[in-house]
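One file, protein_24.txt, carrying compact mmCIF, C-alpha atoms:
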# COMPACT_ATOMS: atom_id res chain seq x y z
CA ARG A 1 28.72 -4.68 7.23
CA ARG A 2 30.05 -5.02 10.75
CA ALA A 3 26.56 -4.69 12.25
CA VAL A 4 25.14 -7.40 9.99
CA GLU A 5 28.03 -9.80 9.48
CA GLU A 6 29.63 -9.63 12.94
CA LEU A 7 26.78 -8.57 15.23
CA GLY A 8 23.87 -10.32 13.54
CA PHE A 9 21.64 -7.29 12.92
CA VAL A 10 18.67 -8.05 10.63
CA GLY A 11 17.87 -4.49 9.58
CA VAL A 12 19.08 -0.90 9.30
CA PHE A 13 17.26 2.16 10.63
CA ALA A 14 17.19 5.69 9.22
CA ARG A 15 15.13 8.80 9.64
CA PRO A 16 12.97 9.42 6.56
CA GLU A 17 14.38 12.95 6.31
CA PRO A 18 17.55 12.57 4.22
CA LEU A 19 20.84 14.05 5.38
CA ARG A 20 23.06 16.55 3.57
CA ALA A 21 19.98 18.11 1.91
CA LEU A 22 20.11 15.35 -0.71
CA PRO A 23 17.02 13.32 -1.65
CA TRP A 24 17.21 9.59 -1.04
CA HIS A 25 17.27 8.95 -4.77
CA SER A 26 20.52 10.90 -5.11
CA ARG A 27 23.38 8.81 -6.46
CA TYR A 28 25.23 9.83 -3.30
CA TYR A 29 23.40 7.03 -1.47
CA ASP A 30 23.83 4.31 -4.10
CA VAL A 31 26.69 2.68 -2.17
CA LEU A 32 24.31 2.32 0.80
CA TRP A 33 21.53 0.74 -1.27
CA SER A 34 23.97 -1.60 -3.04
CA THR A 35 25.42 -2.76 0.28
CA LEU A 36 21.96 -3.39 1.76
CA GLU A 37 21.06 -5.41 -1.36
CA GLU A 38 24.21 -7.47 -1.02
CA LEU A 39 23.68 -8.10 2.70
CA GLY A 40 19.99 -8.87 2.21
CA VAL A 41 18.78 -6.63 5.04
CA PRO A 42 16.09 -3.94 4.81
CA MET A 43 16.16 -0.23 5.43
CA GLY A 44 13.49 0.73 7.95
CA PHE A 45 12.37 4.35 7.97
CA HIS A 46 11.00 5.72 11.25
CA SER A 47 10.44 9.37 12.06
CA ALA A 48 10.23 11.33 15.32
CA ALA A 49 8.79 14.64 16.40
CA SER A 50 12.21 16.26 16.76
CA ALA A 51 15.24 15.87 14.54
CA GLY A 52 17.76 18.44 15.72
CA GLU A 53 19.46 19.99 12.73
CA VAL A 54 17.56 17.97 10.09
CA PRO A 55 14.63 19.95 8.60
CA GLN A 56 11.23 18.32 9.13
CA ILE A 57 7.67 18.75 7.88
CA GLY A 58 6.59 19.42 11.47
CA ASP A 59 8.88 22.44 11.74
CA VAL A 60 5.92 24.64 10.75
CA PHE A 61 4.47 23.93 14.24
CA GLY A 62 7.48 25.23 16.11
CA ASP A 63 7.70 23.82 19.64
CA ASP A 64 4.19 22.31 19.69
CA LEU A 65 5.25 18.69 20.19
CA LEU A 66 1.72 17.27 19.87
CA LEU A 67 1.12 18.79 16.44
CA ARG A 68 4.60 17.82 15.30
CA HIS A 69 4.00 14.25 16.44
CA ILE A 70 0.64 14.01 14.66
CA CYS A 71 2.04 14.96 11.28
CA GLU A 72 5.67 13.90 11.38
CA HIS A 73 5.44 10.10 11.46
CA PRO A 74 3.11 9.56 8.48
CA MET A 75 4.01 12.60 6.40
CA SER A 76 7.77 12.20 6.49
CA ASN A 77 7.34 8.55 5.51
CA MET A 78 5.07 9.60 2.65
CA MET A 79 7.85 11.86 1.41
CA ALA A 80 10.41 9.08 1.76
CA MET A 81 8.21 6.63 -0.16
CA ILE A 82 7.70 9.10 -3.01
CA ASP A 83 11.46 9.73 -3.02
CA ILE A 84 12.51 6.07 -2.95
CA ILE A 85 9.98 4.80 -5.51
CA GLY A 86 9.45 7.83 -7.74
CA GLY A 87 13.14 8.70 -7.70
CA GLY A 88 14.07 5.32 -9.14
CA VAL A 89 15.92 3.78 -6.18
CA LEU A 90 13.94 0.54 -6.38
CA GLU A 91 14.34 0.29 -10.13
CA ARG A 92 18.12 0.67 -9.83
CA HIS A 93 18.24 -1.69 -6.83
CA PRO A 94 15.66 -4.44 -7.46
CA LYS A 95 16.70 -6.53 -4.44
CA LEU A 96 16.55 -3.68 -1.93
CA LYS A 97 13.90 -4.01 0.79
CA VAL A 98 12.40 -0.90 2.38
CA ALA A 99 9.99 -0.60 5.31
CA PHE A 100 8.00 2.44 6.45
CA LEU A 101 7.49 1.87 10.15
CA GLU A 102 5.21 3.09 12.94
CA CYS A 103 3.45 5.59 10.69
CA TYR A 104 0.07 3.82 10.32
CA CYS A 105 -0.93 2.39 6.94
CA GLY A 106 -4.20 4.16 6.12
CA TRP A 107 -2.50 6.58 3.74
CA VAL A 108 -0.55 4.13 1.62
CA SER A 109 -3.30 3.21 -0.86
CA PHE A 110 -4.11 6.85 -1.56
CA MET A 111 -0.46 7.73 -2.10
CA LEU A 112 0.22 4.78 -4.39
CA HIS A 113 -2.91 5.62 -6.39
CA ARG A 114 -1.76 9.21 -6.73
CA MET A 115 1.75 8.17 -7.74
CA ASP A 116 0.44 5.71 -10.33
CA GLY A 117 -1.83 8.38 -11.78
CA ALA A 118 0.89 11.01 -11.94
CA VAL A 119 3.40 8.68 -13.56
CA SER A 120 0.86 7.49 -16.15
CA LYS A 121 0.22 11.08 -17.28
CA ALA A 122 3.74 12.44 -17.35
CA ARG A 123 7.09 11.01 -18.35
CA ASN A 124 9.19 10.03 -15.35
CA PRO A 125 12.89 9.78 -16.24
CA ASN A 126 13.59 7.85 -13.04
CA ILE A 127 11.40 4.77 -13.53
CA SER A 128 10.37 2.82 -16.58
CA GLU A 129 9.89 -0.83 -15.63
CA LEU A 130 6.86 -0.83 -13.31
CA LYS A 131 4.16 1.36 -11.85
CA PRO A 132 4.94 2.80 -8.40
CA SER A 133 2.38 0.48 -6.80
CA GLU A 134 4.12 -2.50 -8.42
CA PHE A 135 7.49 -1.43 -7.04
CA PHE A 136 5.85 -1.12 -3.62
CA LYS A 137 4.40 -4.63 -3.78
CA ARG A 138 7.73 -6.03 -4.93
CA GLN A 139 10.04 -4.33 -2.43
CA CYS A 140 8.24 -2.35 0.29
CA TRP A 141 6.51 -3.00 3.59
CA ILE A 142 4.40 -0.73 5.80
CA SER A 143 3.46 -1.22 9.43
CA THR A 144 0.07 -1.09 11.06
CA GLU A 145 -1.07 -0.96 14.65
CA SER A 146 -4.78 -1.34 15.54
CA GLU A 147 -6.30 0.67 12.70
CA LYS A 148 -9.97 0.31 11.85
CA GLU A 149 -9.04 1.11 8.22
CA LEU A 150 -6.84 -2.00 8.00
CA PRO A 151 -9.42 -4.27 6.25
CA MET A 152 -9.87 -1.65 3.51
CA ILE A 153 -6.12 -1.15 3.07
CA ALA A 154 -5.48 -4.91 2.94
CA GLU A 155 -8.14 -5.22 0.27
CA LEU A 156 -6.76 -2.32 -1.78
CA ILE A 157 -3.04 -3.16 -1.70
CA GLY A 158 -3.12 -6.81 -0.64
CA ASP A 159 -2.00 -8.26 2.69
CA ASP A 160 1.53 -9.33 1.73
CA ASN A 161 3.29 -6.03 2.47
CA ILE A 162 1.84 -5.07 5.86
CA VAL A 163 3.71 -5.77 9.09
CA TYR A 164 2.78 -5.17 12.72
CA SER A 165 4.11 -2.80 15.35
CA THR A 166 3.20 -2.52 19.02
CA ASP A 167 5.02 0.87 19.20
CA TYR A 168 6.71 -0.34 22.42
CA PRO A 169 8.24 1.34 24.44
CA HIS A 170 6.94 4.74 23.36
CA GLY A 171 4.68 6.62 25.75
CA ASP A 172 1.74 6.53 23.33
CA SER A 173 2.06 2.77 22.76
CA ASP A 174 -0.90 0.47 23.45
CA PHE A 175 1.46 -2.07 25.04
CA PRO A 176 0.76 -4.45 26.78
CA HIS A 177 -2.67 -4.66 25.13
CA ALA A 178 -1.54 -3.86 21.60
CA VAL A 179 -1.79 -7.35 20.11
CA ASP A 180 -5.18 -7.96 21.73
CA GLU A 181 -6.46 -4.72 20.22
CA PHE A 182 -5.09 -5.72 16.81
CA LEU A 183 -6.87 -9.07 16.95
CA GLU A 184 -10.13 -7.29 17.79
CA VAL A 185 -10.11 -5.12 14.64
CA ASP A 186 -13.27 -6.03 12.71
CA GLY A 187 -13.08 -7.50 9.24
CA VAL A 188 -9.51 -8.84 9.24
CA PRO A 189 -9.46 -12.54 8.24
CA ARG A 190 -7.42 -14.90 10.39
CA GLU A 191 -5.07 -15.64 7.48
CA THR A 192 -4.39 -11.91 7.05
CA GLN A 193 -3.78 -11.57 10.79
CA ARG A 194 -1.23 -14.36 10.61
CA LYS A 195 0.54 -12.72 7.66
CA ILE A 196 0.72 -9.33 9.35
CA LEU A 197 1.80 -10.66 12.75
CA TRP A 198 4.42 -13.08 11.45
CA ASP A 199 4.74 -14.20 7.82
CA ASN A 200 5.32 -10.75 6.33
CA CYS A 201 7.69 -9.77 9.14
CA ALA A 202 9.69 -12.95 8.68
CA ARG A 203 9.99 -12.28 4.94
CA LEU A 204 11.01 -8.66 5.51
CA TYR A 205 13.78 -9.56 7.96
CA ASP A 206 14.63 -12.94 6.40
CA LEU A 207 13.96 -14.78 9.66

Written as structure tokens, how would this file's structure read?
Amino acid sequence: RRAVEELGFVGVFARPEPLRALPWHSRYYDVLWSTLEELGVPMGFHSAASAGEVPQIGDVFGDDLLLRHICEHPMSNMMAMIDIIGGGVLERHPKLKVAFLECYCGWVSFMLHRMDGAVSKARNPNISELKPSEFFKRQCWISTESEKELPMIAELIGDDNIVYSTDYPHGDSDFPHAVDEFLEVDGVPRETQRKILWDNCARLYDL
């Protein structure tokens, strides 16, 4: 509350790996989700190749930082998305906004398709109102950089829930040429570019 109401922050950041060995859909975190709903600011998940004491998917690679980096950003966010949507967080908190950041977007259509299929074939006690892909479209955003798969993803999930990241100031960022490279991606209509570069971001952070 202090960060938002007194300091003017427009979002909250967390690692996608939950703390205390509790999944994000645990009722332990409901006070957090309720407060974010009330304040109207999103939770942005962003991973890293090293997390100290928090277990990570990349732990199987030991000290190989490159292999950890390759898998950690997208895969930990995949886990968080399954947790948040499939675990019923968005059904219980319909005004909560969640963003999965700097993890590329090429995987999101596959994962939503898989979640929809799994939920349609087996009873899920956590969600009942909508399909996972519908919860995503209602309350989630995912970031892209300069991915050649972007036109396909925008066609499959729509272009209202994709936001842009330059990845600055990380060492593997394309800055200062990131935006130029994004604008050069083939097959992305100008209207979709505008949404991704501004409109969707402004809606996510209520700018």

Produce a table with one row for each residue of stretch 46-118 of chain A that has an atom at most 12 Å from any atom of stretch 164-185 of chain A, each row naming the nearest atom pair and its distance in Å at one decimal; use all atoms listed in the file; arrange rows by chain and rising residue number; format as a Markdown table.
| residue | atom | partner | partner_atom | distance |
| --- | --- | --- | --- | --- |
| A:His46 | CA | A:Asp167 | CA | 11.1 |
| A:Ala48 | CA | A:His170 | CA | 10.9 |
| A:Leu66 | CA | A:Asp172 | CA | 11.3 |
| A:His69 | CA | A:Asp172 | CA | 10.6 |
| A:Ile70 | CA | A:Asp172 | CA | 11.5 |
| A:Ala99 | CA | A:Tyr164 | CA | 11.3 |
| A:Phe100 | CA | A:Ser165 | CA | 11.0 |
| A:Leu101 | CA | A:Ser165 | CA | 7.8 |
| A:Glu102 | CA | A:Ser165 | CA | 6.5 |
| A:Cys103 | CA | A:Ser165 | CA | 9.6 |
| A:Tyr104 | CA | A:Ser165 | CA | 9.2 |
| A:Cys105 | CA | A:Tyr164 | CA | 10.2 |

Point to revise | Residue neighbourhood A:Tyr205, 9 Å, all atoms listed in the file, exclusion window fewer than 2 positions, as a ChimeraX atom specification | key: /A:10-11,40-42,200-203,207

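Nearest to A:Ala154 of all the residues A:Lys97, A:Lys195, A:Lys121, A:Arg114 is A:Lys195, based on only C-alpha atoms.
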
Revision key, fill the gap. Atom CA of A:Val12 sits from atom CA of A:Arg68 at a separation of 24.4 Å

Mind giving me the axis-aligned box for stretch 176-184 of chain A with 4 Å on every side, centre plus edges in Å to one decimal, as AutoDock Vina command-line options?
--center_x -4.7 --center_y -6.5 --center_z 21.8 --size_x 18.9 --size_y 13.2 --size_z 18.0

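Between atom CA of A:Leu150 and atom CA of A:Met111 lies a distance of 15.4 Å.
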
Point to revise | d(atom CA of A:Lys137, atom CA of A:Tyr29) in Å | key: 22.4 Å

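Counting only C-alpha atoms and comparing A:Asp59, A:Glu53, A:Asp83, A:Glu129, the residue that lies closest to A:Pro16 is A:Asp83.
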
Check your understanding: Counting all atoms listed in the file, which of A:Ala21, A:Ile127, A:Leu156, A:Val31 gets nearest to A:Ile84?
Key ->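 Under the stated criterion, the closest residue is A:Ile127.
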
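Shortest separation to A:Ile85 among A:Val54, A:Val60, A:Leu39, A:Cys140 occurs at residue A:Cys140, atoms counted being only C-alpha atoms.
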
Quick one: residues within 10 Å of A:Gly86, all atoms listed in the file counted, chain neighbours fewer than 5 positions away excluded, as a PDB file with C-alpha atoms, in the frame of the given file?
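Once everything was written out, this is selection_27.pdb:
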ATOM      1  CA  HIS A  25      17.270   8.950  -4.770  1.00  0.00           C
ATOM      2  CA  ALA A  80      10.410   9.080   1.760  1.00  0.00           C
ATOM      3  CA  MET A  81       8.210   6.630  -0.160  1.00  0.00           C
ATOM      4  CA  GLU A  91      14.340   0.290 -10.130  1.00  0.00           C
ATOM      5  CA  MET A 115       1.750   8.170  -7.740  1.00  0.00           C
ATOM      6  CA  ASP A 116       0.440   5.710 -10.330  1.00  0.00           C
ATOM      7  CA  VAL A 119       3.400   8.680 -13.560  1.00  0.00           C
ATOM      8  CA  ASN A 124       9.190  10.030 -15.350  1.00  0.00           C
ATOM      9  CA  PRO A 125      12.890   9.780 -16.240  1.00  0.00           C
ATOM     10  CA  ASN A 126      13.590   7.850 -13.040  1.00  0.00           C
ATOM     11  CA  ILE A 127      11.400   4.770 -13.530  1.00  0.00           C
ATOM     12  CA  LYS A 131       4.160   1.360 -11.850  1.00  0.00           C
ATOM     13  CA  PRO A 132       4.940   2.800  -8.400  1.00  0.00           C
ATOM     14  CA  PHE A 135       7.490  -1.430  -7.040  1.00  0.00           C
TER      15      PHE A 135
END

Point to revise | Pick from A:Ser128, A:Thr144, A:Ser47, A:Asn77, whichever lies nearest to A:Gln193 using all atoms listed in the file | key: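 Counting all atoms listed in the file, the residue closest to A:Gln193 is A:Thr144.
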
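When all atoms listed in the file are used to measure the gap to A:Leu36, the shortest distance among A:His73, A:Arg123, A:Lys95, A:Arg138 belongs to A:Lys95.
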
Review point. Counting all atoms listed in the file, what is within 9 Å of A:His113, bar same-chain residues fewer than 5 positions away, as an MDAnalysis selection string?
Key: chainID A and resid 108 118 132:133

Exercise for review: Please identify all polymer residues within 9 Å of A:Gly58, counting all atoms listed in the file, omitting same-chain residues fewer than 3 positions from it, and present them as number ranges by chain.
Suggested key: A: 49-50, 55, 61-62, 65, 67-72, 75-76

Could you write those residues out with C-alpha atoms, as a PDB file, in the coordinates of the input?
ATOM      1  CA  ALA A  49       8.790  14.640  16.400  1.00  0.00           C
ATOM      2  CA  SER A  50      12.210  16.260  16.760  1.00  0.00           C
ATOM      3  CA  PRO A  55      14.630  19.950   8.600  1.00  0.00           C
ATOM      4  CA  PHE A  61       4.470  23.930  14.240  1.00  0.00           C
ATOM      5  CA  GLY A  62       7.480  25.230  16.110  1.00  0.00           C
ATOM      6  CA  LEU A  65       5.250  18.690  20.190  1.00  0.00           C
ATOM      7  CA  LEU A  67       1.120  18.790  16.440  1.00  0.00           C
ATOM      8  CA  ARG A  68       4.600  17.820  15.300  1.00  0.00           C
ATOM      9  CA  HIS A  69       4.000  14.250  16.440  1.00  0.00           C
ATOM     10  CA  ILE A  70       0.640  14.010  14.660  1.00  0.00           C
ATOM     11  CA  CYS A  71       2.040  14.960  11.280  1.00  0.00           C
ATOM     12  CA  GLU A  72       5.670  13.900  11.380  1.00  0.00           C
ATOM     13  CA  MET A  75       4.010  12.600   6.400  1.00  0.00           C
ATOM     14  CA  SER A  76       7.770  12.200   6.490  1.00  0.00           C
TER      15      SER A  76
END

Using the partial input, fill out stretch 194-205 of chain A with all heavy atoms; write the result as a tab-separated table (two decimals), keeping the file's coordinate frame.
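Output file selection.tsv is given in full below:
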chain	number	residue	atom	x	y	z
A	194	ARG	N	-2.46	-13.55	10.51
A	194	ARG	CA	-1.23	-14.36	10.61
A	194	ARG	C	-0.11	-13.77	9.75
A	194	ARG	O	1.05	-13.70	10.18
A	194	ARG	CB	-1.51	-15.80	10.19
A	194	ARG	CG	-0.32	-16.75	10.37
A	194	ARG	CD	-0.68	-18.18	10.01
A	194	ARG	NE	-0.99	-18.31	8.60
A	194	ARG	CZ	-0.06	-18.45	7.64
A	194	ARG	NH1	1.22	-18.48	7.96
A	194	ARG	NH2	-0.41	-18.57	6.38
A	195	LYS	N	-0.46	-13.34	8.53
A	195	LYS	CA	0.54	-12.72	7.66
A	195	LYS	C	1.14	-11.47	8.30
A	195	LYS	O	2.36	-11.27	8.31
A	195	LYS	CB	-0.09	-12.36	6.31
A	195	LYS	CG	-0.31	-13.51	5.37
A	195	LYS	CD	-0.82	-12.97	4.04
A	195	LYS	CE	-0.94	-14.07	3.00
A	195	LYS	NZ	-1.36	-13.51	1.68
A	196	ILE	N	0.26	-10.61	8.82
A	196	ILE	CA	0.72	-9.33	9.35
A	196	ILE	C	1.53	-9.52	10.63
A	196	ILE	O	2.54	-8.84	10.85
A	196	ILE	CB	-0.49	-8.40	9.59
A	196	ILE	CG1	-1.11	-8.00	8.24
A	196	ILE	CG2	-0.09	-7.16	10.39
A	196	ILE	CD1	-2.42	-7.23	8.37
A	197	LEU	N	1.11	-10.46	11.48
A	197	LEU	CA	1.80	-10.66	12.75
A	197	LEU	C	3.09	-11.47	12.61
A	197	LEU	O	3.97	-11.34	13.46
A	197	LEU	CB	0.87	-11.38	13.74
A	197	LEU	CG	-0.28	-10.54	14.29
A	197	LEU	CD1	-1.21	-11.42	15.13
A	197	LEU	CD2	0.24	-9.38	15.13
A	198	TRP	N	3.20	-12.27	11.55
A	198	TRP	CA	4.42	-13.08	11.45
A	198	TRP	C	4.97	-13.24	10.04
A	198	TRP	O	6.12	-12.88	9.78
A	198	TRP	CB	4.22	-14.47	12.06
A	198	TRP	CG	5.43	-15.33	11.84
A	198	TRP	CD1	5.55	-16.39	11.00
A	198	TRP	CD2	6.72	-15.13	12.41
A	198	TRP	NE1	6.83	-16.90	11.02
A	198	TRP	CE2	7.58	-16.14	11.88
A	198	TRP	CE3	7.25	-14.21	13.31
A	198	TRP	CZ2	8.93	-16.23	12.23
A	198	TRP	CZ3	8.60	-14.31	13.65
A	198	TRP	CH2	9.41	-15.32	13.12
A	199	ASP	N	4.19	-13.80	9.13
A	199	ASP	CA	4.74	-14.20	7.82
A	199	ASP	C	5.43	-13.04	7.11
A	199	ASP	O	6.55	-13.18	6.59
A	199	ASP	CB	3.63	-14.75	6.92
A	199	ASP	CG	3.11	-16.09	7.40
A	199	ASP	OD1	3.67	-16.63	8.37
A	199	ASP	OD2	2.11	-16.58	6.84
A	200	ASN	N	4.76	-11.89	7.05
A	200	ASN	CA	5.32	-10.75	6.33
A	200	ASN	C	6.56	-10.21	7.03
A	200	ASN	O	7.52	-9.76	6.38
A	200	ASN	CB	4.28	-9.64	6.18
A	200	ASN	CG	3.06	-10.09	5.39
A	200	ASN	OD1	3.10	-11.09	4.68
A	200	ASN	ND2	1.98	-9.35	5.50
A	201	CYS	N	6.53	-10.23	8.36
A	201	CYS	CA	7.69	-9.77	9.14
A	201	CYS	C	8.89	-10.70	8.90
A	201	CYS	O	10.02	-10.23	8.74
A	201	CYS	CB	7.35	-9.74	10.62
A	201	CYS	SG	5.85	-8.82	11.03
A	202	ALA	N	8.62	-11.98	8.90
A	202	ALA	CA	9.69	-12.95	8.68
A	202	ALA	C	10.30	-12.79	7.30
A	202	ALA	O	11.54	-12.92	7.12
A	202	ALA	CB	9.15	-14.38	8.86
A	203	ARG	N	9.47	-12.50	6.31
A	203	ARG	CA	9.99	-12.28	4.94
A	203	ARG	C	10.78	-10.99	4.85
A	203	ARG	O	11.82	-10.93	4.20
A	203	ARG	CB	8.79	-12.28	3.96
A	203	ARG	CG	9.17	-12.19	2.50
A	203	ARG	CD	8.00	-12.66	1.64
A	203	ARG	NE	6.77	-12.03	2.02
A	203	ARG	CZ	6.33	-10.85	1.54
A	203	ARG	NH1	7.06	-10.22	0.63
A	203	ARG	NH2	5.19	-10.33	1.93
A	204	LEU	N	10.30	-9.94	5.52
A	204	LEU	CA	11.01	-8.66	5.51
A	204	LEU	C	12.40	-8.81	6.10
A	204	LEU	O	13.39	-8.32	5.53
A	204	LEU	CB	10.20	-7.62	6.30
A	204	LEU	CG	10.89	-6.28	6.59
A	204	LEU	CD1	11.25	-5.55	5.29
A	204	LEU	CD2	9.99	-5.41	7.46
A	205	TYR	N	12.49	-9.47	7.26
A	205	TYR	CA	13.78	-9.56	7.96
A	205	TYR	C	14.51	-10.87	7.70
A	205	TYR	O	15.53	-11.15	8.36
A	205	TYR	CB	13.55	-9.37	9.46
A	205	TYR	CG	13.09	-7.97	9.80
A	205	TYR	CD1	11.77	-7.72	10.20
A	205	TYR	CD2	13.96	-6.89	9.68
A	205	TYR	CE1	11.35	-6.43	10.51
A	205	TYR	CE2	13.54	-5.60	9.98
A	205	TYR	CZ	12.24	-5.38	10.40
A	205	TYR	OH	11.81	-4.11	10.70
